[in-house]
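Chemist: Got a structure for you, structure_37.txt, holding compact mmCIF, C-alpha atoms and all ligand atoms.
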# COMPACT_ATOMS: atom_id res chain seq x y z
CA MET A 1 11.75 20.21 6.30
CA PRO A 2 9.78 17.18 5.07
CA GLN A 3 11.31 13.90 6.26
CA LEU A 4 12.59 11.17 4.00
CA ILE A 5 10.23 8.30 4.76
CA ILE A 6 11.40 5.66 2.28
CA SER A 7 14.93 5.29 1.01
CA ALA A 8 15.78 2.32 -1.17
CA GLN A 9 19.36 1.85 -2.32
CA HIS A 10 20.33 -0.73 -4.95
CA LEU A 11 17.39 -3.01 -4.16
CA SER A 12 17.46 -6.18 -6.23
CA GLN A 13 15.20 -9.20 -6.21
CA GLN A 14 16.32 -12.44 -7.76
CA ILE A 15 14.67 -15.80 -7.44
CA GLN A 16 15.98 -19.25 -8.29
CA ILE A 17 13.75 -21.34 -10.49
CA GLN A 18 15.29 -24.78 -10.92
CA HIS A 19 18.80 -23.94 -12.19
CA LYS A 20 18.01 -20.50 -13.49
CA THR A 21 18.14 -17.12 -11.76
CA LEU A 22 15.26 -14.80 -12.54
CA THR A 23 15.95 -11.12 -11.89
CA ILE A 24 12.71 -9.32 -11.03
CA LEU A 25 14.16 -6.06 -9.67
CA GLN A 26 17.53 -4.65 -10.59
CA GLN A 27 19.31 -2.08 -8.44
CA ILE A 28 16.27 0.03 -7.61
CA ASN A 29 16.98 3.43 -6.05
CA LEU A 30 14.05 5.40 -4.69
CA GLU A 31 13.64 8.19 -2.16
CA ILE A 32 10.21 9.30 -0.99
CA VAL A 33 9.39 12.18 1.31
CA GLU A 34 6.64 12.10 3.95
CA GLY A 35 3.19 12.93 2.56
CA GLU A 36 4.07 12.44 -1.11
CA GLN A 37 1.84 10.70 -3.65
CA VAL A 38 3.82 8.28 -5.81
CA ALA A 39 2.42 6.21 -8.66
CA ILE A 40 4.14 3.14 -10.07
CA THR A 41 2.98 1.79 -13.43
CA GLY A 42 4.32 -0.97 -15.65
CA ARG A 43 3.19 -3.97 -17.67
CA SER A 44 1.75 -7.02 -16.02
CA GLY A 45 4.65 -9.10 -14.68
CA SER A 46 7.05 -6.14 -14.57
CA GLY A 47 7.55 -6.55 -10.80
CA LYS A 48 5.23 -3.89 -9.36
CA SER A 49 3.72 -6.12 -6.68
CA THR A 50 7.15 -7.51 -5.86
CA LEU A 51 8.52 -4.01 -5.36
CA LEU A 52 5.54 -2.93 -3.26
CA GLY A 53 5.80 -6.04 -1.08
CA ILE A 54 9.47 -5.30 -0.42
CA LEU A 55 8.92 -1.59 0.30
CA ALA A 56 6.08 -2.51 2.67
CA THR A 57 8.45 -4.96 4.44
CA LEU A 58 6.18 -7.93 3.65
CA ASP A 59 8.99 -9.48 1.58
CA ARG A 60 12.75 -9.19 1.69
CA ALA A 61 14.92 -8.08 -1.20
CA SER A 62 17.78 -10.40 -2.11
CA SER A 63 20.20 -7.46 -1.91
CA GLY A 64 20.31 -3.72 -1.27
CA GLU A 65 19.30 -1.42 1.53
CA LEU A 66 15.85 -0.22 2.56
CA TRP A 67 15.21 2.48 5.13
CA LEU A 68 11.63 2.98 6.25
CA CYS A 69 10.69 5.73 8.72
CA GLY A 70 14.40 6.01 9.57
CA GLN A 71 14.83 2.31 10.35
CA PRO A 72 17.22 0.02 8.45
CA VAL A 73 14.77 -2.68 7.31
CA HIS A 74 17.56 -4.75 5.70
CA THR A 75 19.07 -5.39 9.16
CA LEU A 76 15.81 -6.25 10.97
CA ASN A 77 14.52 -9.74 11.71
CA GLU A 78 10.95 -10.87 10.98
CA GLU A 79 9.64 -9.84 14.39
CA GLN A 80 11.20 -6.38 14.20
CA ARG A 81 9.82 -5.90 10.69
CA ALA A 82 6.34 -6.94 11.85
CA LYS A 83 6.50 -4.33 14.59
CA LEU A 84 7.67 -1.62 12.19
CA ARG A 85 4.84 -2.57 9.82
CA LEU A 86 2.21 -2.51 12.53
CA GLN A 87 3.16 1.02 13.54
CA ASN A 88 3.84 2.60 10.17
CA VAL A 89 2.33 0.77 7.22
CA GLY A 90 -1.13 0.19 5.77
CA PHE A 91 -1.79 -1.98 2.73
CA VAL A 92 -4.70 -2.00 0.27
CA PHE A 93 -5.01 -4.84 -2.27
CA GLN A 94 -6.86 -5.20 -5.56
CA SER A 95 -8.92 -8.06 -4.11
CA PHE A 96 -9.87 -6.18 -0.88
CA GLN A 97 -8.79 -9.13 1.34
CA LEU A 98 -11.51 -8.66 3.94
CA LEU A 99 -12.25 -11.52 6.34
CA ALA A 100 -15.62 -12.88 5.17
CA HIS A 101 -16.85 -14.00 8.58
CA LEU A 102 -16.29 -10.57 10.20
CA SER A 103 -18.45 -7.45 9.89
CA ALA A 104 -17.08 -4.21 8.44
CA LEU A 105 -16.47 -2.96 11.98
CA GLU A 106 -14.67 -6.16 13.05
CA ASN A 107 -12.48 -6.05 9.94
CA VAL A 108 -11.43 -2.47 10.74
CA LEU A 109 -10.86 -3.40 14.39
CA LEU A 110 -8.36 -6.14 13.47
CA PRO A 111 -5.19 -4.04 13.17
CA LEU A 112 -6.12 -2.16 16.35
CA ARG A 113 -6.36 -5.46 18.23
CA LEU A 114 -2.69 -6.04 17.38
CA GLN A 115 -1.58 -2.71 18.86
CA PRO A 116 0.19 -2.95 22.23
CA ASN A 117 -2.16 -0.46 23.93
CA PHE A 118 -5.41 -1.99 22.62
CA GLU A 119 -8.55 -0.90 24.49
CA TYR A 120 -11.83 -2.25 23.12
CA ALA A 121 -14.16 0.73 23.64
CA LYS A 122 -11.63 3.22 22.33
CA ALA A 123 -10.81 1.00 19.36
CA VAL A 124 -14.50 0.68 18.43
CA ARG A 125 -14.81 4.47 18.42
CA GLN A 126 -11.73 4.81 16.20
CA ALA A 127 -12.99 2.12 13.81
CA GLU A 128 -16.46 3.71 13.63
CA THR A 129 -14.97 7.15 12.97
CA MET A 130 -12.81 5.74 10.17
CA LEU A 131 -15.75 3.87 8.61
CA GLU A 132 -17.78 7.09 8.74
CA ARG A 133 -14.90 8.94 7.08
CA VAL A 134 -14.86 6.54 4.13
CA GLY A 135 -18.63 6.97 3.73
CA LEU A 136 -19.91 3.79 5.38
CA SER A 137 -21.82 5.12 8.42
CA ASP A 138 -24.83 2.97 7.49
CA GLN A 139 -22.88 -0.23 6.76
CA ILE A 140 -20.79 -0.55 9.92
CA TYR A 141 -22.35 -3.86 11.01
CA GLN A 142 -22.72 -5.41 7.55
CA MET A 143 -20.84 -8.50 6.45
CA PRO A 144 -18.52 -8.13 3.42
CA LYS A 145 -20.65 -10.34 1.15
CA VAL A 146 -23.61 -7.92 1.22
CA LEU A 147 -21.40 -4.94 0.34
CA SER A 148 -20.60 -3.80 -3.22
CA GLY A 149 -17.02 -3.95 -4.51
CA GLY A 150 -16.54 -0.24 -3.92
CA GLU A 151 -17.91 -0.53 -0.37
CA GLN A 152 -15.64 -3.49 0.36
CA GLN A 153 -12.65 -1.48 -0.82
CA ARG A 154 -13.75 1.40 1.44
CA VAL A 155 -13.73 -1.01 4.39
CA ALA A 156 -10.24 -2.15 3.36
CA ILE A 157 -9.08 1.48 3.18
CA ALA A 158 -10.54 2.18 6.62
CA ARG A 159 -8.74 -0.91 7.93
CA ALA A 160 -5.45 0.23 6.38
CA LEU A 161 -5.74 3.74 7.85
CA VAL A 162 -7.33 3.18 11.26
CA THR A 163 -3.94 2.80 12.94
CA GLN A 164 -2.85 6.15 11.45
CA PRO A 165 0.11 4.71 9.55
CA LYS A 166 2.70 6.98 7.94
CA ILE A 167 2.58 5.16 4.61
CA ILE A 168 -0.17 3.47 2.68
CA PHE A 169 0.70 1.01 -0.09
CA ALA A 170 -2.10 0.36 -2.58
CA ASP A 171 -1.61 -2.40 -5.18
CA GLU A 172 -4.05 -1.77 -8.04
CA PRO A 173 -6.76 -0.77 -5.54
CA THR A 174 -9.28 0.01 -8.27
CA GLY A 175 -8.45 -2.92 -10.56
CA ASN A 176 -11.65 -4.82 -9.69
CA LEU A 177 -14.01 -1.83 -9.80
CA ASP A 178 -16.11 -0.18 -12.49
CA ARG A 179 -14.92 3.17 -13.78
CA GLN A 180 -17.08 5.49 -11.66
CA THR A 181 -16.49 3.50 -8.47
CA ALA A 182 -12.77 3.42 -9.25
CA GLN A 183 -12.74 7.23 -9.55
CA ASP A 184 -14.55 7.60 -6.23
CA ILE A 185 -12.03 5.33 -4.51
CA GLU A 186 -9.10 7.20 -6.10
CA GLN A 187 -10.50 10.52 -4.87
CA LEU A 188 -10.91 9.06 -1.40
CA LEU A 189 -7.27 7.94 -1.34
CA PHE A 190 -6.11 11.41 -2.41
CA GLU A 191 -8.33 13.08 0.19
CA LEU A 192 -6.96 10.87 2.97
CA ASN A 193 -3.41 11.53 1.75
CA ARG A 194 -4.03 15.26 2.17
CA GLU A 195 -6.09 15.15 5.37
CA MET A 196 -3.94 12.69 7.30
CA GLY A 197 -0.60 13.52 5.66
CA VAL A 198 -0.18 9.82 4.90
CA THR A 199 2.33 8.99 2.17
CA LEU A 200 0.57 7.25 -0.72
CA ILE A 201 2.38 4.67 -2.86
CA LEU A 202 0.03 3.54 -5.58
CA VAL A 203 0.46 0.79 -8.17
CA THR A 204 -1.95 1.31 -11.03
CA HIS A 205 -2.64 0.53 -14.69
CA ASP A 206 -4.48 3.82 -15.02
CA LEU A 207 -2.11 6.35 -16.62
CA ASN A 208 -4.57 9.16 -16.01
CA LEU A 209 -4.62 8.38 -12.31
CA ALA A 210 -0.81 8.08 -12.25
CA SER A 211 -0.50 11.50 -13.87
CA GLN A 212 -2.48 13.01 -10.97
CA CYS A 213 0.19 11.92 -8.50
CA GLN A 214 3.10 14.18 -7.60
CA ARG A 215 5.53 11.57 -8.88
CA HIS A 216 5.08 8.83 -11.41
CA TYR A 217 7.53 6.02 -12.12
CA GLU A 218 7.40 3.24 -14.65
CA LEU A 219 8.88 -0.16 -13.83
CA LYS A 220 10.51 -1.74 -16.88
CA SER A 221 13.11 -4.51 -17.14
CA GLY A 222 13.39 -4.50 -13.35
CA GLN A 223 14.28 -0.81 -13.21
CA LEU A 224 12.40 2.35 -12.29
CA PHE A 225 12.13 5.20 -14.78
CA VAL A 226 10.85 8.67 -13.92
CA VAL A 227 7.74 9.62 -15.90
CA GLN A 228 6.85 12.68 -13.84
CA HIS A 229 8.47 14.39 -10.89
CA ASP A 230 7.20 17.03 -8.46
CA LYS A 231 3.82 17.80 -9.90
CA ASP A 232 1.41 19.67 -7.60
CA GLY A 233 -0.62 17.24 -5.51
CA GLY A 234 -3.67 15.56 -7.15
N1 LIG A 301 7.61 -16.31 -5.87
C1 LIG A 301 7.75 -16.24 -7.20
N2 LIG A 301 8.17 -17.33 -7.90
C2 LIG A 301 8.32 -17.25 -9.22
N3 LIG A 301 8.10 -16.16 -9.96
C3 LIG A 301 7.68 -15.06 -9.31
C4 LIG A 301 7.48 -15.03 -7.91
N4 LIG A 301 7.06 -13.80 -7.55
C5 LIG A 301 7.01 -13.10 -8.70
N5 LIG A 301 7.37 -13.84 -9.75
C6 LIG A 301 7.49 -13.39 -11.15
O1 LIG A 301 8.08 -12.11 -11.10
C7 LIG A 301 7.53 -11.25 -12.08
C8 LIG A 301 6.96 -10.02 -11.43
O2 LIG A 301 5.76 -10.34 -10.73
P1 LIG A 301 4.86 -9.22 -10.04
O3 LIG A 301 5.69 -8.45 -9.09
O4 LIG A 301 3.67 -9.90 -9.49
O5 LIG A 301 4.49 -8.29 -11.29
P2 LIG A 301 3.31 -7.22 -11.47
O6 LIG A 301 2.74 -6.91 -10.13
O7 LIG A 301 3.98 -6.03 -12.11
O8 LIG A 301 2.32 -7.83 -12.40
C9 LIG A 301 6.51 -12.09 -12.83
O9 LIG A 301 7.12 -12.61 -13.99
C10 LIG A 301 6.18 -13.19 -11.85
O10 LIG A 301 5.75 -14.33 -12.53
MG MG A 302 0.81 -7.06 -9.38
Would you put the structure from the file into structure tokens?

Modeler:
Amino acid sequence: MPQLIISAQHLSQQIQIQHKTLTILQQINLEIVEGEQVAITGRSGSGKSTLLGILATLDRASSGELWLCGQPVHTLNEEQRAKLRLQNVGFVFQSFQLLAHLSALENVLLPLRLQPNFEYAKAVRQAETMLERVGLSDQIYQMPKVLSGGEQQRVAIARALVTQPKIIFADEPTGNLDRQTAQDIEQLLFELNREMGVTLILVTHDLNLASQCQRHYELKSGQLFVVQHDKDGG
């Protein structure tokens, strides 16, 4: 039986701006099973990044319950959430977010350095293997600034996956890339989803890409609407 890996119940996000309350997310319910591919689309400003940040435990919802890998995130403190994140979650951003003064290898090593059982030689092997897997065998020692956008995003994907997380959250990962490069990166994410069994939660503007995912939701007026459910994997 596949395990429920994310369960969100009545998640809402409201923020106070001066004397007004802005509701960004309204009573979101979402259940995701291990290994699934889930796309979330919606207009700019519809709350996609807010939702992803909450699901990834980077931000807190103002109300509702969130269970991640069986743990009740809504009851955890910052330190406990950081630990849960470190063990289970990888994040890929539109803007890559690599550290400019570190090589590709050092960037991928970063999350391993934070693991409790960090061992340098073993970590280097893991980071090299992951960089090879994303197609960067020849760029392992390069600095980010000499890499193309697509190569930088490959480094970011290797960094997100090197700890073998259960879930990868990708917020418009191809938004800064040309069409062909974007397609290559999308294929890579799908391949890694299948090979590693990692659950893929993808925010995208690309409706064609979203339609390739097993499930597709649209975020509108702070609520999630099903566009597609239980398609065969892309
Ligand atoms: N910390 C914040 N303060 C004020 N407004 C915010 C904050 N975070 C998000 N918003 C607003 O919430 C809405 C949703 O933002 P976001 O989640 O970034 O949308 P999307 O990723 O779909 O473009 C936007 O109107 C944005 O301006
Ligand atoms: Mg966004």

Chemist: Check the smallest atom-to-atom distance from each of A:Gly90, A:Pro72, A:Gly47, A:Pro2 to Leu22 (chain A) using all atoms listed in the file, then report the winner.

Modeler: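 Among A:Gly90, A:Pro72, A:Gly47, A:Pro2, it is A:Gly47 that comes nearest to Leu22 (chain A).
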
Chemist: Counting all atoms listed in the file, which residues in chain A sit no more than 12 Å from ligand LIG 301 (chain A)? For each one, give the nearest pair of atoms and the distance in Å, sorted by chain then residue number, as CSV.

Modeler:
residue,atom,partner,partner_atom,distance
A:Gln13,CA,A:LIG301,O1,9.1
A:Gln14,CA,A:LIG301,O1,8.9
A:Ile15,CA,A:LIG301,N2,6.7
A:Gln16,CA,A:LIG301,C2,8.0
A:Ile17,CA,A:LIG301,C2,6.9
A:Gln18,CA,A:LIG301,C2,10.4
A:Lys20,CA,A:LIG301,C2,11.1
A:Thr21,CA,A:LIG301,C2,10.1
A:Leu22,CA,A:LIG301,N3,7.7
A:Thr23,CA,A:LIG301,O1,8.0
A:Ile24,CA,A:LIG301,O1,5.4
A:Leu25,CA,A:LIG301,C8,8.4
A:Gln26,CA,A:LIG301,C8,11.9
A:Ile40,CA,A:LIG301,O7,9.4
A:Thr41,CA,A:LIG301,O7,8.0
A:Gly42,CA,A:LIG301,O7,6.2
A:Arg43,CA,A:LIG301,O7,6.0
A:Ser44,CA,A:LIG301,O8,3.8
A:Gly45,CA,A:LIG301,O5,3.5
A:Ser46,CA,A:LIG301,O7,3.9
A:Gly47,CA,A:LIG301,O3,3.2
A:Lys48,CA,A:LIG301,O7,3.7
A:Ser49,CA,A:LIG301,O6,3.7
A:Thr50,CA,A:LIG301,O3,3.7
A:Leu51,CA,A:LIG301,O3,6.5
A:Leu52,CA,A:LIG301,O3,8.0
A:Gly53,CA,A:LIG301,O3,8.4
A:Ile54,CA,A:LIG301,O3,10.0
A:Asp59,CA,A:LIG301,N1,10.2
A:Arg60,CA,A:LIG301,N1,11.6
A:Ala61,CA,A:LIG301,N4,11.6
A:Phe93,CA,A:LIG301,O6,11.2
A:Gln94,CA,A:LIG301,O6,10.8
A:Ala170,CA,A:LIG301,O6,11.5
A:Asp171,CA,A:LIG301,O6,8.0
A:Glu172,CA,A:LIG301,O6,8.8
A:Gly175,CA,A:LIG301,O6,11.9
A:Leu202,CA,A:LIG301,O6,11.7
A:Val203,CA,A:LIG301,O6,8.3
A:Thr204,CA,A:LIG301,O7,9.5
A:His205,CA,A:LIG301,O7,9.7
A:Glu218,CA,A:LIG301,O7,10.2
A:Leu219,CA,A:LIG301,O7,7.8
A:Lys220,CA,A:LIG301,O7,9.2
A:Ser221,CA,A:LIG301,C8,10.0
A:Gly222,CA,A:LIG301,C8,8.7
A:Gln223,CA,A:LIG301,O7,11.6
A:Leu224,CA,A:LIG301,O7,11.9

Chemist: Which residue out of A:Gln142, A:Val162, A:Gln152, A:Gln97 has the minimum interatomic distance to Gln126 (chain A) when all atoms listed in the file are used?

Modeler: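 Of A:Gln142, A:Val162, A:Gln152, A:Gln97, the one nearest Gln126 (chain A) is A:Val162, counting all atoms listed in the file.
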
Chemist: Excluding region 210-217 of chain A and its own-chain neighbours fewer than 4 positions away, which residues fall within 12 Å of it when counting only C-alpha atoms? Please give them as a PyMOL selection string.

Modeler: chain A and resi 28-33+35-42+48+172+183+186-187+189-190+193-194+199-206+223-234

Chemist: Go ahead and write the residues just picked, C-alpha atoms, as a tab-separated table (two decimals), keeping the file's coordinate frame.

Modeler:
chain	number	residue	atom	x	y	z
A	28	ILE	CA	16.27	0.03	-7.61
A	29	ASN	CA	16.98	3.43	-6.05
A	30	LEU	CA	14.05	5.40	-4.69
A	31	GLU	CA	13.64	8.19	-2.16
A	32	ILE	CA	10.21	9.30	-0.99
A	33	VAL	CA	9.39	12.18	1.31
A	35	GLY	CA	3.19	12.93	2.56
A	36	GLU	CA	4.07	12.44	-1.11
A	37	GLN	CA	1.84	10.70	-3.65
A	38	VAL	CA	3.82	8.28	-5.81
A	39	ALA	CA	2.42	6.21	-8.66
A	40	ILE	CA	4.14	3.14	-10.07
A	41	THR	CA	2.98	1.79	-13.43
A	42	GLY	CA	4.32	-0.97	-15.65
A	48	LYS	CA	5.23	-3.89	-9.36
A	172	GLU	CA	-4.05	-1.77	-8.04
A	183	GLN	CA	-12.74	7.23	-9.55
A	186	GLU	CA	-9.10	7.20	-6.10
A	187	GLN	CA	-10.50	10.52	-4.87
A	189	LEU	CA	-7.27	7.94	-1.34
A	190	PHE	CA	-6.11	11.41	-2.41
A	193	ASN	CA	-3.41	11.53	1.75
A	194	ARG	CA	-4.03	15.26	2.17
A	199	THR	CA	2.33	8.99	2.17
A	200	LEU	CA	0.57	7.25	-0.72
A	201	ILE	CA	2.38	4.67	-2.86
A	202	LEU	CA	0.03	3.54	-5.58
A	203	VAL	CA	0.46	0.79	-8.17
A	204	THR	CA	-1.95	1.31	-11.03
A	205	HIS	CA	-2.64	0.53	-14.69
A	206	ASP	CA	-4.48	3.82	-15.02
A	223	GLN	CA	14.28	-0.81	-13.21
A	224	LEU	CA	12.40	2.35	-12.29
A	225	PHE	CA	12.13	5.20	-14.78
A	226	VAL	CA	10.85	8.67	-13.92
A	227	VAL	CA	7.74	9.62	-15.90
A	228	GLN	CA	6.85	12.68	-13.84
A	229	HIS	CA	8.47	14.39	-10.89
A	230	ASP	CA	7.20	17.03	-8.46
A	231	LYS	CA	3.82	17.80	-9.90
A	232	ASP	CA	1.41	19.67	-7.60
A	233	GLY	CA	-0.62	17.24	-5.51
A	234	GLY	CA	-3.67	15.56	-7.15

Chemist: Enumerate, as a PyMOL selection string, the protein, DNA and RNA residues whose atoms approach (2.3, 0.0, 3.4) to within 9 Å, taking into account only C-alpha atoms and the coordinate frame of the file.

Modeler: chain A and resi 52-53+55-58+85+88-92+160+165-170+200-201

Chemist: Calculate how many Å separate CA of Ser95 (chain A) from CA of Gly149 (chain A), rounding to one decimal.

Modeler: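 CA of Ser95 (chain A) sits 9.1 Å away from CA of Gly149 (chain A).
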
Chemist: Could you list, as a PyMOL selection string, every residue within 12 Å of Lys122 (chain A), counting all atoms listed in the file and ignoring same-chain residues fewer than 4 positions away?

Modeler: chain A and resi 109+112-113+117-118+126-129+162

Chemist: Just how far from CA of Leu136 (chain A) is CA of Gly197 (chain A), in Å to one decimal?

Modeler: 21.6 Å

Chemist: For a test of reading the model, state the distance in Å between CA of Pro116 (chain A) and CA of Ala82 (chain A), rounded to one decimal.

Modeler: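 Interatomic distance, CA of Pro116 (chain A) to CA of Ala82 (chain A): 12.7 Å.
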
Chemist: Between A:Gly135, A:Gly70, A:Gly64, A:Pro111, which is the closest to Ile6 (chain A) once you count all atoms listed in the file?

Modeler: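 Of A:Gly135, A:Gly70, A:Gly64, A:Pro111, the one nearest Ile6 (chain A), counting all atoms listed in the file, is A:Gly70.
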